[in-house]
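Q: You'll find query.tsv just under this line, and it carries TSV, C-alpha atoms.
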chain	number	residue	atom	x	y	z
R	1	MET	CA	-9.02	35.77	-44.19
R	2	PHE	CA	-9.41	32.23	-45.56
R	3	ALA	CA	-12.72	31.84	-43.72
R	4	VAL	CA	-14.06	35.03	-45.30
R	5	LEU	CA	-13.07	33.84	-48.78
R	6	THR	CA	-14.65	30.44	-48.14
R	7	ASP	CA	-17.88	32.05	-46.96
R	8	ARG	CA	-18.00	34.30	-50.04
R	9	TYR	CA	-17.28	31.30	-52.27
R	10	GLU	CA	-20.16	29.35	-50.73
R	11	ALA	CA	-22.48	32.36	-50.86
R	12	PHE	CA	-21.72	32.82	-54.54
R	13	PHE	CA	-23.08	29.36	-55.35
R	14	LYS	CA	-26.32	30.16	-53.52
R	15	GLU	CA	-26.95	33.14	-55.82
R	16	LYS	CA	-28.99	32.80	-58.99
R	17	ASN	CA	-27.10	33.92	-62.08
R	18	VAL	CA	-25.80	32.59	-65.40
R	19	VAL	CA	-22.63	31.11	-63.90
R	20	THR	CA	-24.33	29.30	-61.02
R	21	ASP	CA	-27.06	28.03	-63.39
R	22	PHE	CA	-24.36	26.62	-65.66
R	23	PHE	CA	-22.61	24.91	-62.75
R	24	ALA	CA	-25.97	23.58	-61.48
R	25	LYS	CA	-26.59	21.94	-64.88
R	26	LEU	CA	-23.11	20.43	-64.80
R	27	GLU	CA	-23.74	19.16	-61.28
R	28	GLU	CA	-27.02	17.62	-62.39
R	29	ARG	CA	-25.40	15.84	-65.34
R	30	THR	CA	-22.22	14.67	-63.61
R	31	GLY	CA	-23.30	14.18	-60.02
R	32	VAL	CA	-20.27	16.18	-58.87
R	33	GLN	CA	-20.95	19.15	-56.59
R	34	LYS	CA	-20.78	22.47	-58.43
R	35	GLN	CA	-18.23	23.86	-55.94
R	36	TYR	CA	-15.83	21.06	-56.90
R	37	ILE	CA	-16.43	21.61	-60.62
R	38	ALA	CA	-15.74	25.32	-60.23
R	39	THR	CA	-12.61	24.71	-58.13
R	40	GLY	CA	-11.35	22.25	-60.75
R	41	ALA	CA	-12.05	24.68	-63.59
R	42	VAL	CA	-10.28	27.54	-61.80
R	43	SER	CA	-7.33	25.24	-61.03
R	44	ILE	CA	-7.03	24.15	-64.66
R	45	ILE	CA	-7.17	27.77	-65.84
R	46	ALA	CA	-4.52	28.76	-63.27
R	47	LEU	CA	-2.22	25.92	-64.34
R	48	TYR	CA	-2.74	26.80	-67.97
R	49	LEU	CA	-1.86	30.42	-67.27
R	50	LEU	CA	1.31	29.25	-65.55
R	51	PHE	CA	2.47	26.65	-68.05
R	52	GLY	CA	0.21	26.57	-71.12
R	53	TYR	CA	0.72	27.60	-74.69
R	54	GLY	CA	-1.48	30.56	-75.55
R	55	ALA	CA	-1.65	31.86	-71.98
R	56	SER	CA	-1.59	35.37	-73.44
R	57	LEU	CA	-4.86	34.76	-75.28
R	58	LEU	CA	-6.53	33.24	-72.23
R	59	CYS	CA	-5.37	36.11	-70.04
R	60	ASN	CA	-6.63	38.69	-72.52
R	61	LEU	CA	-9.98	36.91	-72.79
R	62	ILE	CA	-10.34	36.97	-69.00
R	63	GLY	CA	-9.48	40.67	-68.97
R	64	PHE	CA	-11.93	41.43	-71.78
R	65	VAL	CA	-14.95	39.10	-71.91
R	66	TYR	CA	-16.47	39.60	-68.45
R	67	PRO	CA	-15.73	43.35	-68.34
R	68	ALA	CA	-17.33	43.74	-71.79
R	69	TYR	CA	-20.42	41.85	-70.57
R	70	ALA	CA	-20.57	43.88	-67.36
R	71	SER	CA	-20.12	47.11	-69.34
R	72	ILE	CA	-23.08	46.29	-71.57
R	73	LYS	CA	-25.16	45.50	-68.49
R	74	ALA	CA	-24.03	48.82	-66.96
R	75	ILE	CA	-25.01	50.75	-70.08
R	76	GLU	CA	-28.46	49.17	-70.00
R	77	SER	CA	-29.00	49.84	-66.28
R	78	ARG	CA	-30.33	53.11	-64.91
R	79	SER	CA	-27.53	53.45	-62.34
R	80	LYS	CA	-24.61	55.77	-63.10
R	81	ASP	CA	-22.28	54.16	-60.54
R	82	ASP	CA	-21.76	50.97	-62.55
R	83	ASP	CA	-21.09	53.03	-65.69
R	84	THR	CA	-18.34	54.92	-63.86
R	85	GLN	CA	-16.89	51.67	-62.47
R	86	TRP	CA	-16.55	50.07	-65.91
R	87	LEU	CA	-15.39	53.24	-67.67
R	88	THR	CA	-12.64	53.47	-65.06
R	89	TYR	CA	-11.72	49.83	-65.70
R	90	TRP	CA	-11.46	50.43	-69.46
R	91	VAL	CA	-9.25	53.49	-68.98
R	92	VAL	CA	-6.85	51.48	-66.80
R	93	TYR	CA	-7.06	48.45	-69.12
R	94	GLY	CA	-6.24	50.64	-72.12
R	95	LEU	CA	-3.27	52.28	-70.41
R	96	PHE	CA	-2.03	48.89	-69.25
R	97	SER	CA	-2.34	47.49	-72.78
R	98	VAL	CA	-0.35	50.36	-74.28
R	99	ALA	CA	2.35	50.06	-71.60
R	100	GLU	CA	2.44	46.30	-72.11
R	101	PHE	CA	2.88	46.71	-75.86
R	102	PHE	CA	6.12	48.59	-75.33
R	103	SER	CA	7.43	46.41	-72.51
R	104	ASP	CA	6.20	43.02	-73.73
R	105	ILE	CA	9.59	42.01	-75.12
R	106	PHE	CA	11.01	42.22	-71.59
R	107	LEU	CA	7.99	41.03	-69.61
R	108	PHE	CA	7.61	37.91	-71.74
R	109	TRP	CA	10.76	36.48	-70.16
R	110	PHE	CA	9.47	36.73	-66.60
R	111	PRO	CA	8.20	33.39	-65.32
R	112	PHE	CA	4.48	33.34	-64.66
R	113	TYR	CA	3.99	36.75	-66.27
R	114	TYR	CA	0.57	35.89	-67.67
R	115	ALA	CA	-0.63	34.52	-64.33
R	116	GLY	CA	0.43	37.80	-62.70
R	117	LYS	CA	-1.21	39.82	-65.45
R	118	CYS	CA	-4.42	37.85	-65.01
R	119	VAL	CA	-4.39	38.45	-61.24
R	120	PHE	CA	-3.81	42.17	-61.92
R	121	LEU	CA	-6.77	42.34	-64.33
R	122	LEU	CA	-9.00	40.43	-61.91
R	123	TRP	CA	-8.01	42.89	-59.17
R	124	CYS	CA	-8.89	45.77	-61.50
R	125	MET	CA	-12.37	44.40	-62.16
R	126	ALA	CA	-13.13	43.02	-58.69
R	127	PRO	CA	-16.24	44.39	-56.96
R	128	ILE	CA	-14.35	45.36	-53.81
R	129	SER	CA	-13.61	48.65	-52.07
R	130	TRP	CA	-9.87	48.40	-52.91
R	131	ASN	CA	-10.55	47.74	-56.59
R	132	GLY	CA	-7.40	48.07	-58.69
R	133	SER	CA	-8.82	50.26	-61.42
R	134	GLN	CA	-10.23	52.72	-58.86
R	135	ILE	CA	-6.91	52.93	-57.01
R	136	ILE	CA	-4.83	53.33	-60.17
R	137	TYR	CA	-7.23	55.88	-61.60
R	138	THR	CA	-7.47	58.05	-58.47
R	139	ARG	CA	-3.77	57.90	-57.60
R	140	LEU	CA	-2.11	58.00	-61.03
R	141	VAL	CA	-4.35	58.66	-64.02
R	142	ARG	CA	-6.61	61.40	-62.64
R	143	PRO	CA	-3.81	63.57	-61.16
R	144	PHE	CA	-1.79	63.27	-64.39
R	145	PHE	CA	-4.82	64.10	-66.52
R	146	LEU	CA	-5.87	67.08	-64.41
R	147	LYS	CA	-2.31	68.47	-64.46
R	148	HIS	CA	-2.02	68.16	-68.27
R	149	GLU	CA	-5.67	68.53	-69.32
R	150	ALA	CA	-5.24	71.72	-71.36
R	151	VAL	CA	-2.29	70.30	-73.32
R	152	LEU	CA	-4.13	67.03	-73.94
R	153	ASP	CA	-7.25	68.89	-75.10
R	154	THR	CA	-5.18	70.90	-77.59
R	155	MET	CA	-3.47	67.76	-78.90
R	156	VAL	CA	-6.78	65.93	-79.34
R	157	LYS	CA	-8.33	68.95	-81.10
R	158	ASP	CA	-5.34	69.23	-83.46
R	159	LEU	CA	-5.28	65.50	-84.19
R	160	SER	CA	-9.03	65.31	-84.79
R	161	GLY	CA	-8.82	68.28	-87.15
R	162	LYS	CA	-5.98	66.68	-89.09
R	163	ALA	CA	-7.81	63.33	-89.18
R	164	LYS	CA	-10.99	65.01	-90.45
R	165	SER	CA	-9.15	66.87	-93.23
R	166	ALA	CA	-7.24	63.71	-94.21
R	167	ALA	CA	-10.49	61.73	-94.37
R	168	GLN	CA	-12.12	64.43	-96.50
R	169	SER	CA	-9.09	64.49	-98.80
R	170	VAL	CA	-9.11	60.71	-99.23
R	171	ALA	CA	-12.87	60.68	-99.79
R	172	SER	CA	-12.76	63.42	-102.43
R	173	GLU	CA	-9.83	61.72	-104.18
R	174	GLY	CA	-11.72	58.42	-104.11
R	175	PHE	CA	-14.81	60.04	-105.62
R	176	THR	CA	-12.63	61.63	-108.29
R	177	MET	CA	-11.09	58.26	-109.16
R	178	VAL	CA	-14.48	56.55	-109.27
R	179	GLY	CA	-15.85	59.35	-111.48
R	180	SER	CA	-12.90	59.13	-113.88
R	181	ASP	CA	-13.25	55.33	-114.11
R	182	LYS	CA	-16.93	55.71	-115.11
R	183	ASN	CA	-16.01	58.18	-117.89
R	184	LYS	CA	-13.61	55.70	-119.56
Just give me the structure as C-alpha cells.
A:
Amino acid sequence: MFAVLTDRYEAFFKEKNVVTDFFAKLEERTGVQKQYIATGAVSIIALYLLFGYGASLLCNLIGFVYPAYASIKAIESRSKDDDTQWLTYWVVYGLFSVAEFFSDIFLFWFPFYYAGKCVFLLWCMAPISWNGSQIIYTRLVRPFFLKHEAVLDTMVKDLSGKAKSAAQSVASEGFTMVGSDKNK
C-alpha cells in the first residue's frame, strides 16, 4: 500500500500541470527538491488543521477551492462524465454542510474534527474508484431521492410559486413607493 502511494506521489511530480509547475519554480529558486517542498507544505497544513486557529476556514477552502476549479474545467470540457462527478460532489458537499450546520455545536468539541472533515472532503473529491461522493450518493442520497421524488417535486413547485409571488409583490410595492416619492 505504501509503495503504491509513493509511486503515485512520484508520478504526480512528473506530470505537467499548474501545481507541478509551481513546485518546479520553488525548487529552482530554493534548490530544495519539489517533493520535499510539497511534503513540508502538506505537513504544515495537516498540523495547522490539527492545532491551528482558523482550521475551519482552511478546511472549507480545501473543500471548496479545488472542486470549484475542477467544476469550471468540467463545464468547459466536452465530456459529460466529469460534469456528473463534480455535480455529485456538490450534492454531497451541500448535504454535509447542512448537516454540519445543525451538529456543529457538538462536533466542535471533538479533537481533530477539522482534520477529519478535511480527510472526508478529500475522499469525496478524490479521483479514485471508491470516491466518497459517489459512494454516499449511490447508497444514501439517490435511494432517498427516488423514494421521495414526487413529494420533493411538489414541495419545490409550491415553494418556487410562493417565492415568485412574494418577489412580484415586493417588486410592485417597491415600484409604488418609488413612484409616490417622485410625486412629492
Q: With only C-alpha atoms as the basis for distance, which of R:Gly54, R:Gly174, R:Gly40, R:Pro67 is at the shortest distance from Leu121 (chain R)?
A: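 The shortest atom-to-atom distance to Leu121 (chain R) comes from R:Pro67.
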Q: What does the distance between CA of Phe120 (chain R) and CA of Asn60 (chain R) come to in Å, to one decimal place?
A: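 Answer for the CA of Phe120 (chain R) to CA of Asn60 (chain R) separation: 11.5 Å.
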Q: Considering all atoms listed in the file, state which residue in the set R:Met155, R:Ser56, R:Phe175, R:Asp82 is at the smallest distance from Asp104 (chain R).
A: R:Ser56
Q: With all atoms listed in the file as the counted atoms, please give the residues lying no more than 10 Å from Ala74 (chain R), apart from itself and same-chain residues fewer than 6 positions off, as a ChimeraX atom specification.
A: /R:68,80-87
Q: Can you pull out the residues contacting Glu27 (chain R)? Cut-off 12 Å, using only C-alpha atoms, and skip same-chain residues under 5 positions away; I want them as a PyMOL selection string.
A: chain R and resi 13+20-22+32-38
Q: Taking all atoms listed in the file into account, which of R:Trp130, R:Phe51, R:Phe96, R:Phe2 comes nearest Pro111 (chain R)?
A: R:Phe51
Q: Provide the CA of Tyr113 (chain R) to CA of Leu49 (chain R) distance in Å, to one decimal place.
A: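 Value for the CA of Tyr113 (chain R)-CA of Leu49 (chain R) distance: 8.7 Å.
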Q: Give me, please, the distance in Å between CA of Gly63 (chain R) and CA of Arg8 (chain R), quoted to one decimal.
A: 21.7 Å
Q: Find the residue from R:Ile62, R:Val170, R:Val91, R:Ala11 that sits nearest to Arg142 (chain R); use only C-alpha atoms when measuring.
A: R:Val91
Q: Box in all listed atoms of region 126-139 of chain R, axis-aligned, with 5 Å more on each side; write out centre and edge lengths in Å to one decimal as AutoDock Vina command-line options.
A:
--center_x -10.0 --center_y 50.5 --center_z -56.8 --size_x 22.5 --size_y 25.0 --size_z 19.5
Q: With all atoms listed in the file as the atoms that count, which of R:Leu50, R:Cys118, R:Ile72, R:Ala167 lies nearest to Tyr93 (chain R)?
A: R:Cys118
Q: Looking at R:Val42, R:Ala166, R:Met125, R:Ala171, which one is nearest to Val65 (chain R), with distances taken over only C-alpha atoms?
A: R:Met125
